[in-house]
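Have a look at the structure below before the remarks.
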Amino acid sequence: METIHGNTQSLKSSQIKKLQQIYEQREPSHSLITPEFAQAVAAIATEIHQPICSYINRRGQVIRVAVGTPSQTQIPPEQRPRSDAERLSGLRCIATQFKSEPPDEASLIAMVRQRLDALVVLTLADGKDGKRGKDNTDLVKKAFLAHIVPNEEKPWEVISSLSSDNLIEQDFDDLVDEWEREISESAVGMPFQDILSDTDKVLLVGLKTDDISQQRFEDGLQELVRLVETAGGTVGDTVQQKRSRPHPQTVVGQGKVEEIALSAQKIGANLIVFDRDISPSQARNLENEIGIRVVDRTEVILDIFAQRAQSQAGKLQVELAQLEYMLPRLRGQGREMSRLGGGIGTRGPGETKLETERRAIQRRIAQLQQEVNQLQAHRARIRQQRQKQEIPAVALVGYTNAGKSTLLNVLTHAEVYVADKLFATLDPTTRKLVIVDPETQERRTILLTDTVGFIHELPPPLVDAFRATLEEVTEADILLHVVDLSHPAWENHIASVEAVLAEMPAISGPTLIAFNKVDGVNSETLALAKEKYPEALFISATHQLGLDTLRQRLLQAIDRQVLQVPSS
């Protein structure tokens, strides 16, 4: 059976079948639309009382049927016919709506971005007053025809208040030839060429609630920009709203949802990213309203982790985190995922494809958890061997991109991957650090471990999946908390790291704070940090400033820790 796209959740199976019958319609290639087709889509749209969009190619074949507005039911770029810069896509959209107004700006922008040959909007009688004839011939009140024009400011033209006869009389082949000739001969050419890109064009959405300070809100949005860029996307614009609390269905208010949809169309966004975690139902509601994929901050972080994972251990932990995040989001992903319906092989005690997929994911999660447990046991054996050798261990912890890997490389001459990106390091790396005791001139060995960077509200699936890695932190004798003092939100970063550490099992050793990147800090920030953290170290890993002091402070902390062990 052909797939019905868009918002189909509230539809009955009989209505789905009627929508699928639209695929069987065949329009003459020279006709924009026939009266029979107009009445067919009008009848089902009136029955379900929702807008419908049908996409037709130049051979008259219906290639896509969707429930929703033109902006909500766009064809994904990878499924659109390929065309050169001066030609239209070869597809037209026949849409229905219940208001007797021209198509809105979001629908027109969607037409331009998809390079549609034309957009025909049929305005329908409401259908609730019972004033239509028995043969449904009066369902279509009037129609609007829109097409692309080579104009940078307003790249469309709308022909208003057409009757069914006007539409039928139009020779569609001649119209398309004329429109394409105008585009090719114009200096402007095809509008919105920036849509042709391999990277995600992202619209960010920030919600400021009463429990978040303005500074934290702004810092969070700036961090989300970095996260999106690290994941490989390009941020086109940001939409913000202030509410006392999130809307239970759509996170933001209905008016803001419409603004988001319009902004996304204007910049050509193919992805909406929220600055907070959103529930599966909220994501589905937003996607139905906007017609573009919606993800939250956690999903962006998971995507970065998936790109960064290099070792087998890192990959299995990332896969576990992604599956645990995905599982509750499988519910209600669309009727096309279900086998239940009518016909041979679809009745009886069979299970839906959705249930089958959920069962497979649950089995995979159980398998991955077992592998993580084995990894955990393996790391524990390695730590026991180190403890037998009585070599003290120091774990580098800190906010992502604080400079932990750079510090490890400088101190131990390791060759750990370093980049000015978030989450450049996922796999823990342990190296030996030899320090000469200034009093005895004895060479002392310390094991220094670089760990995954933390972030504000580190997603719970990651904390759970990376428990084998994070145990390197809990089992260390000393924690060296590296802080990027040059970052405007360094105080919030300290609080976020301490919050993550507080959720872990008890950490026996003390924590030293090392403020990094002091070479890029003004005197006021330096004075404030020294006042708030008088015991802290101030270093620059890249310029090798303060590293001798750091080495000696590590020895002192280890010696104090050794003296405290017998008395405990």
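How things are named: the first chain in the structure tokens is A, the next is B, and so on; residues count from 1 in each chain; ligands count from 1 in the order shown.
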Next on the checklist: Applying 12 Å and only C-alpha atoms, which residues near stretch 216-228 of chain A remain after dropping the ones on its own chain fewer than 5 positions away? List them as a ChimeraX atom specification.
Outcome noted: /A:199-211,233-242,271-276,295-305,399-401,420-424,455-457,487-493,495-496
Item to check | DSSP helix (DSSP H, G or I) residues within stretch 195-442 of chain A, listed as a PyMOL selection string | outcome: chain A and resi 195+214-230+254-267+280-290+297-308+312-329+335-337+353-388+404-412
Give the strand (DSSP E or B) residues of stretch 206-357 of chain A, as assigned by DSSP on the backbone, as a PDB file with C-alpha atoms, in the first residue's frame.
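Resulting contents of part39.pdb:
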```
ATOM      1  CA  GLY A 206      15.507  28.804  22.917  1.00  0.00           C
ATOM      2  CA  LEU A 207      12.938  28.826  25.705  1.00  0.00           C
ATOM      3  CA  LYS A 208      13.625  31.074  28.717  1.00  0.00           C
ATOM      4  CA  THR A 234      25.089  25.426  10.150  1.00  0.00           C
ATOM      5  CA  VAL A 235      22.959  27.681  12.329  1.00  0.00           C
ATOM      6  CA  GLY A 236      20.814  29.949  10.164  1.00  0.00           C
ATOM      7  CA  ASP A 237      18.801  31.765  12.822  1.00  0.00           C
ATOM      8  CA  THR A 238      17.551  31.606  16.409  1.00  0.00           C
ATOM      9  CA  VAL A 239      13.992  32.002  17.717  1.00  0.00           C
ATOM     10  CA  GLN A 240      13.463  32.766  21.411  1.00  0.00           C
ATOM     11  CA  GLN A 241      10.485  32.841  23.742  1.00  0.00           C
ATOM     12  CA  LYS A 242       9.940  33.586  27.431  1.00  0.00           C
ATOM     13  CA  HIS A 247       3.953  24.242  26.918  1.00  0.00           C
ATOM     14  CA  VAL A 251       7.150  23.425  24.358  1.00  0.00           C
ATOM     15  CA  LEU A 271      16.307  20.793  11.106  1.00  0.00           C
ATOM     16  CA  ILE A 272      14.908  22.471  14.243  1.00  0.00           C
ATOM     17  CA  VAL A 273      17.011  22.166  17.420  1.00  0.00           C
ATOM     18  CA  PHE A 274      15.623  23.036  20.864  1.00  0.00           C
ATOM     19  CA  ARG A 293      12.463  17.321  11.746  1.00  0.00           C
ATOM     20  CA  VAL A 294      12.733  18.456  15.374  1.00  0.00           C
ATOM     21  CA  VAL A 295      15.456  17.326  17.793  1.00  0.00           C
TER      22      VAL A 295
END
```
Item to check | Which residue of A:Ala45, A:Leu139, A:Leu480, A:Ala110 approaches A:Asn270 most closely, using only C-alpha atoms | outcome: A:Ala110
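Using only C-alpha atoms, the nearest neighbour of A:Leu485 within the list A:Ile22, A:Val67, A:Val452, A:Val518 is A:Val518.
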Item to check | For A:Gln282: contacts at 8 Å, only C-alpha atoms, fewer than 5 positions along chain excluded, given as a VMD selection string | outcome: chain A and resid 248 to 251
Test item: residues at most 8 Å from stretch 288-290 of chain A, only C-alpha atoms, excluding those fewer than 4 positions along its chain, as a short mmCIF file (atom, residue, chain, number, x, y, z; two decimals) with N, CA and C atoms, in the first residue's frame:
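around-v4.cif, freshly written:
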```cif
data_model
loop_
_atom_site.label_atom_id
_atom_site.label_comp_id
_atom_site.auth_asym_id
_atom_site.auth_seq_id
_atom_site.Cartn_x
_atom_site.Cartn_y
_atom_site.Cartn_z
N GLY A 6 2.68 12.82 6.65
CA GLY A 6 2.12 13.92 7.43
C GLY A 6 1.42 13.47 8.68
N ASN A 7 0.47 14.26 9.13
CA ASN A 7 -0.21 14.05 10.41
C ASN A 7 -1.39 13.10 10.24
N GLY A 68 -1.67 17.74 5.77
CA GLY A 68 -1.02 18.93 6.30
C GLY A 68 -0.93 20.00 5.24
N SER A 71 3.72 23.72 3.68
CA SER A 71 4.95 23.89 4.45
C SER A 71 5.22 22.70 5.37
N GLN A 72 4.15 21.98 5.77
CA GLN A 72 4.30 20.84 6.67
C GLN A 72 4.58 19.54 5.93
N VAL A 257 5.07 28.67 17.51
CA VAL A 257 5.22 27.54 16.60
C VAL A 257 5.07 28.01 15.15
N GLU A 258 4.08 28.87 14.90
CA GLU A 258 3.88 29.40 13.55
C GLU A 258 5.07 30.26 13.12
N ILE A 260 8.15 29.89 14.17
CA ILE A 260 9.24 28.95 13.92
C ILE A 260 9.11 28.36 12.51
N ALA A 261 7.89 27.97 12.16
CA ALA A 261 7.66 27.38 10.83
C ALA A 261 8.03 28.37 9.73
N ARG A 284 6.90 15.05 18.18
CA ARG A 284 5.95 14.65 17.13
C ARG A 284 4.97 15.78 16.84
#
```
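Between atom CA of A:Leu262 and atom CA of A:Glu287 the separation is 13.4 Å.
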